[in-house]
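What follows is a short report on a single structure.
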Amino acid sequence: MKHMTRFGLSLAGALLLAAPALAQTKWNLPAAYPPDNFHTENLNAFAKDVADATGGKLQVTVHANASLFKAPEIKRAVQTGQAQVGEVLMSLHENEDPVYGLDVVPFLATSFDQSKKLWDVQKPAIEKKFASQGLMLLFAVPWPPQGIFAKKDINTVEDLKGVKWRSYNPGTARIAELVGAQPVTVQAADLPQALATGVVNTFMTSGATGYDAKVWESLTHFYDTQAWIPKNLTFVNKAAFDALDKPTQEAVLKAARTAEERGWKTAQEKTKWYVDQMTAKGMKIQPPSAELKAGLQKVGEQLTQDWLKKAGPDGQAIIDSYKKAAM
């Protein structure tokens, strides 16, 4: 009898120890950028905040550098439940819906203040689109402003004619078309190899991506055009979120708010740091010439018209709201 009691107590203890493990929920978060990119670091901080707030009840594992899914596959993977949460460059999905491409219309929003105002008027449309796809937005974080990386002097848009231009979304592919460059689709994780093998030799991106790809090993110039400020979106499968208990849901939403604030602050702080690092590596950093800027402005006007044609009255309403907020 004594033996049975001891056995019963041992069994009860084992079950109690196992209970937290049984209650633990694990989420996978695929991301497209290197582990030391500030977006990925922010995701890891978000995951830690969630784990700390829930006492380890919800564990989020970040899979960096497109190791779990390639960048264009992440959104679909979260929609279908192959991953519970994910991060993507918003404009990657512009072909699906024009609303995803608004923040990469050149020269529409070129400062962080303007970019935040644009996001505020764009966000409800993104949330509505996500809701129709079984997704829920958690937070958005900007990149530093976009500039042109090249291996030669670029004084006018005509100097871009014939270059091997890296495109990473519909907008950058359209720019190549308008300036007569050869567009080559290359996602961030594949950029170092594309540069090393000469697949691309010119492109427009942020100082962050340039730094991650060690562009100074292949290219020589960076023109700080500040053409646009794209954003990454982090979002969750709505069914996975709904399956959480209320306190855990609140912990996720609180961690998301913190991640958004931290991400915007870091993007602004890092902008100068990336430029300084590239300068130290011997890259020639300069503002665009008046002629190049004027040519890019024309490209921007064309892309704005293109976007409005695709987006229709709903898109025009967003642009009008933004212009009113930016006044």
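By convention in this document, the chains of the structure tokens carry letters A, B, ... by their order, each chain's residues are numbered from 1, and ligands are numbered from 1 in the order they are shown.
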Spatial neighbours of segment 133-141 of chain A, max dist 9 Å, only C-alpha atoms, sep filter under 2 positions, as a VMD selection string: chain A and resid 39 78 to 80 90 119 126 to 131 143 230 to 239 241 252 to 253 256 to 257 259 to 264 267
Emit the selected residues as an mmCIF file, in the first residue's frame, including N, CA and C atoms.
data_model
loop_
_atom_site.group_PDB
_atom_site.id
_atom_site.type_symbol
_atom_site.label_atom_id
_atom_site.label_comp_id
_atom_site.auth_asym_id
_atom_site.auth_seq_id
_atom_site.Cartn_x
_atom_site.Cartn_y
_atom_site.Cartn_z
ATOM 1 N N HIS A 39 15.940 44.576 -38.460
ATOM 2 C CA HIS A 39 14.576 44.033 -38.480
ATOM 3 C C HIS A 39 14.527 42.678 -37.767
ATOM 4 N N VAL A 78 1.989 31.759 -43.909
ATOM 5 C CA VAL A 78 1.231 32.139 -42.704
ATOM 6 C C VAL A 78 -0.277 32.017 -42.968
ATOM 7 N N GLN A 79 -0.712 32.391 -44.171
ATOM 8 C CA GLN A 79 -2.133 32.262 -44.525
ATOM 9 C C GLN A 79 -2.598 30.816 -44.419
ATOM 10 N N THR A 80 -1.759 29.899 -44.860
ATOM 11 C CA THR A 80 -2.153 28.481 -44.901
ATOM 12 C C THR A 80 -1.819 27.737 -43.618
ATOM 13 N N MET A 90 6.396 44.748 -47.333
ATOM 14 C CA MET A 90 5.010 44.953 -47.763
ATOM 15 C C MET A 90 4.869 45.024 -49.281
ATOM 16 N N TRP A 119 1.722 55.773 -43.404
ATOM 17 C CA TRP A 119 1.343 54.496 -42.804
ATOM 18 C C TRP A 119 0.022 54.613 -42.041
ATOM 19 N N ILE A 126 -4.745 47.998 -45.192
ATOM 20 C CA ILE A 126 -3.941 46.778 -45.022
ATOM 21 C C ILE A 126 -4.648 45.822 -44.059
ATOM 22 N N GLU A 127 -5.154 46.361 -42.957
ATOM 23 C CA GLU A 127 -5.842 45.517 -41.961
ATOM 24 C C GLU A 127 -7.083 44.858 -42.564
ATOM 25 N N LYS A 128 -7.797 45.622 -43.378
ATOM 26 C CA LYS A 128 -9.003 45.085 -44.027
ATOM 27 C C LYS A 128 -8.631 43.963 -45.001
ATOM 28 N N LYS A 129 -7.573 44.181 -45.773
ATOM 29 C CA LYS A 129 -7.114 43.166 -46.734
ATOM 30 C C LYS A 129 -6.668 41.912 -45.993
ATOM 31 N N PHE A 130 -5.873 42.093 -44.934
ATOM 32 C CA PHE A 130 -5.409 40.956 -44.142
ATOM 33 C C PHE A 130 -6.585 40.166 -43.563
ATOM 34 N N ALA A 131 -7.576 40.886 -43.036
ATOM 35 C CA ALA A 131 -8.732 40.222 -42.415
ATOM 36 C C ALA A 131 -9.442 39.311 -43.412
ATOM 37 N N TRP A 143 12.308 50.772 -43.269
ATOM 38 C CA TRP A 143 13.719 50.696 -43.625
ATOM 39 C C TRP A 143 14.272 52.119 -43.690
ATOM 40 N N PRO A 230 10.425 52.134 -47.521
ATOM 41 C CA PRO A 230 9.552 50.952 -47.491
ATOM 42 C C PRO A 230 9.401 50.414 -46.070
ATOM 43 N N LYS A 231 8.447 49.517 -45.891
ATOM 44 C CA LYS A 231 8.199 48.959 -44.565
ATOM 45 C C LYS A 231 8.091 47.436 -44.623
ATOM 46 N N ASN A 232 8.458 46.831 -43.524
ATOM 47 C CA ASN A 232 8.201 45.410 -43.309
ATOM 48 C C ASN A 232 6.974 45.270 -42.423
ATOM 49 N N LEU A 233 6.145 44.289 -42.726
ATOM 50 C CA LEU A 233 4.965 44.000 -41.906
ATOM 51 C C LEU A 233 5.161 42.672 -41.184
ATOM 52 N N THR A 234 4.812 42.654 -39.915
ATOM 53 C CA THR A 234 4.780 41.398 -39.158
ATOM 54 C C THR A 234 3.318 41.106 -38.840
ATOM 55 N N PHE A 235 2.895 39.900 -39.130
ATOM 56 C CA PHE A 235 1.468 39.548 -39.038
ATOM 57 C C PHE A 235 1.318 38.107 -38.589
ATOM 58 N N VAL A 236 0.113 37.775 -38.137
ATOM 59 C CA VAL A 236 -0.132 36.457 -37.560
ATOM 60 C C VAL A 236 -1.330 35.800 -38.245
ATOM 61 N N ASN A 237 -1.306 34.495 -38.290
ATOM 62 C CA ASN A 237 -2.467 33.738 -38.743
ATOM 63 C C ASN A 237 -3.578 33.954 -37.710
ATOM 64 N N LYS A 238 -4.729 34.472 -38.156
ATOM 65 C CA LYS A 238 -5.798 34.866 -37.223
ATOM 66 C C LYS A 238 -6.305 33.679 -36.409
ATOM 67 N N ALA A 239 -6.408 32.514 -37.014
ATOM 68 C CA ALA A 239 -6.879 31.329 -36.282
ATOM 69 C C ALA A 239 -5.898 30.955 -35.172
ATOM 70 N N PHE A 241 -3.911 33.055 -33.626
ATOM 71 C CA PHE A 241 -4.046 34.085 -32.592
ATOM 72 C C PHE A 241 -5.307 33.836 -31.760
ATOM 73 N N VAL A 252 0.866 39.354 -26.589
ATOM 74 C CA VAL A 252 1.345 39.458 -27.977
ATOM 75 C C VAL A 252 1.122 40.868 -28.511
ATOM 76 N N LEU A 253 -0.062 41.417 -28.275
ATOM 77 C CA LEU A 253 -0.384 42.759 -28.789
ATOM 78 C C LEU A 253 0.470 43.837 -28.125
ATOM 79 N N ALA A 256 3.882 43.599 -29.591
ATOM 80 C CA ALA A 256 3.848 44.132 -30.960
ATOM 81 C C ALA A 256 3.932 45.661 -30.952
ATOM 82 N N ARG A 257 3.207 46.300 -30.044
ATOM 83 C CA ARG A 257 3.269 47.772 -29.939
ATOM 84 C C ARG A 257 4.683 48.235 -29.589
ATOM 85 N N ALA A 259 7.441 46.558 -30.199
ATOM 86 C CA ALA A 259 8.316 46.262 -31.346
ATOM 87 C C ALA A 259 8.198 47.343 -32.415
ATOM 88 N N GLU A 260 6.982 47.831 -32.632
ATOM 89 C CA GLU A 260 6.801 48.878 -33.646
ATOM 90 C C GLU A 260 7.518 50.160 -33.221
ATOM 91 N N GLU A 261 7.339 50.560 -31.978
ATOM 92 C CA GLU A 261 8.010 51.776 -31.483
ATOM 93 C C GLU A 261 9.527 51.624 -31.553
ATOM 94 N N ARG A 262 10.024 50.488 -31.113
ATOM 95 C CA ARG A 262 11.470 50.225 -31.119
ATOM 96 C C ARG A 262 12.001 50.204 -32.550
ATOM 97 N N GLY A 263 11.247 49.579 -33.449
ATOM 98 C CA GLY A 263 11.685 49.462 -34.841
ATOM 99 C C GLY A 263 11.789 50.809 -35.540
ATOM 100 N N TRP A 264 10.808 51.676 -35.353
ATOM 101 C CA TRP A 264 10.849 53.012 -35.977
ATOM 102 C C TRP A 264 12.032 53.819 -35.453
ATOM 103 N N ALA A 267 15.345 52.323 -36.891
ATOM 104 C CA ALA A 267 15.520 52.646 -38.318
ATOM 105 C C ALA A 267 16.103 54.044 -38.487
#
d(atom CA of Lys152 of chain A, atom CA of Pro183 of chain A) in Å: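 The value is 17.6 Å.
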DSSP strand (DSSP E) residues within segment 86-259 of chain A, as a PyMOL selection string: chain A and resi 86-89+135-142+146-150+164-167+182-185+202-206+221-223+231-237
Selected residue of minimal separation from Leu191 of chain A among A:Asp212, A:Asp103, A:Glu177, A:Asp36, counting only C-alpha atoms: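 The answer is A:Asp212, which sits nearest to Leu191 of chain A.
Among the candidates A:Ala181, A:Val88, A:Ala325, A:Val50, the residue lying nearest to Ala64 of chain A is A:Val88 (atoms considered: only C-alpha atoms).
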Best match for closeness to Ala83 of chain A among A:Lys48, A:Lys309, A:Lys26, A:Lys281, counting only C-alpha atoms: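 Among the listed residues, the smallest separation from Ala83 of chain A belongs to A:Lys26.
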Which of segment 15-68 of chain A DSSP labels helix (DSSP H, G or I), written as a VMD selection string: chain A and resid 15 to 23 38 to 53
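With atom CA of Lys310 of chain A on one side and atom CA of Glu291 of chain A on the other, the separation reads 29.1 Å.
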Hey, what's within 8 Å of Thr61 of chain A if we count only C-alpha atoms and toss same-chain stuff fewer than 5 positions away? As a tab-separated table (two decimals) with N, CA, C and O atoms, in the first residue's frame, please?
chain	number	residue	atom	x	y	z
A	26	LYS	N	3.96	26.82	-29.43
A	26	LYS	CA	5.16	27.22	-30.18
A	26	LYS	C	4.76	27.79	-31.54
A	26	LYS	O	3.98	27.16	-32.26
A	27	TRP	N	5.29	28.95	-31.85
A	27	TRP	CA	5.05	29.61	-33.14
A	27	TRP	C	6.37	29.72	-33.89
A	27	TRP	O	7.42	30.03	-33.31
A	28	ASN	N	6.30	29.50	-35.20
A	28	ASN	CA	7.44	29.75	-36.08
A	28	ASN	C	7.24	31.07	-36.81
A	28	ASN	O	6.14	31.35	-37.30
A	29	LEU	N	8.30	31.88	-36.87
A	29	LEU	CA	8.24	33.18	-37.52
A	29	LEU	C	9.32	33.25	-38.61
A	29	LEU	O	10.48	33.56	-38.33
A	44	ASN	N	13.50	39.22	-32.84
A	44	ASN	CA	13.98	38.40	-31.72
A	44	ASN	C	13.63	39.06	-30.39
A	44	ASN	O	13.29	38.37	-29.42
A	47	ALA	N	10.01	38.35	-29.82
A	47	ALA	CA	9.84	36.97	-29.36
A	47	ALA	C	10.19	36.84	-27.87
A	47	ALA	O	9.49	36.16	-27.12
Polymer residues at most 8 Å from Leu68 of chain A, only C-alpha atoms, same-chain spacing of 3 or more positions, as a PyMOL selection string: chain A and resi 30-31+63-64
Among the residues A:Gln82, A:Gln277, A:Gln122, A:Gln59, the one that comes closest to Gly315 of chain A [using only C-alpha atoms]: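 Using only C-alpha atoms, Gly315 of chain A sits closest to A:Gln122.
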Surrounding residues of Phe222 of chain A excluding itself and chain neighbours under 4 positions, 10 Å, only C-alpha atoms, as a list in words: Gly147, Ile148, Phe149, Ala150, Lys151, Lys152, Asp153, Ile154, Thr202, Phe203, Met204, Thr205, Ser206, Gly207, Gly210, Val215, Trp216, Val275, Met278, Thr279, Met283, Lys284, Ile285, Gln286, Pro287 and Pro288 of chain A
All residues 12 Å or closer to Thr197 of chain A, only C-alpha atoms, same chain fewer than 4 positions away omitted, as a list of chain:residue names: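 My reading of the contact set: A:Lys164, A:Asp190, A:Leu191, A:Pro192, A:Gln193, A:Asn201, A:Glu217, A:Ser218.
If only C-alpha atoms are the atoms counted, then among A:Ala32, A:Ala317, A:Ala208, A:Leu296 the closest residue to Thr266 of chain A is A:Ala208.
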Nearest residue to Ala326 of chain A from the set A:Ala66, A:Ala71, A:Ala51, A:Leu118 (distances using only C-alpha atoms):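 So, comparing all the options, the nearest one is A:Leu118.
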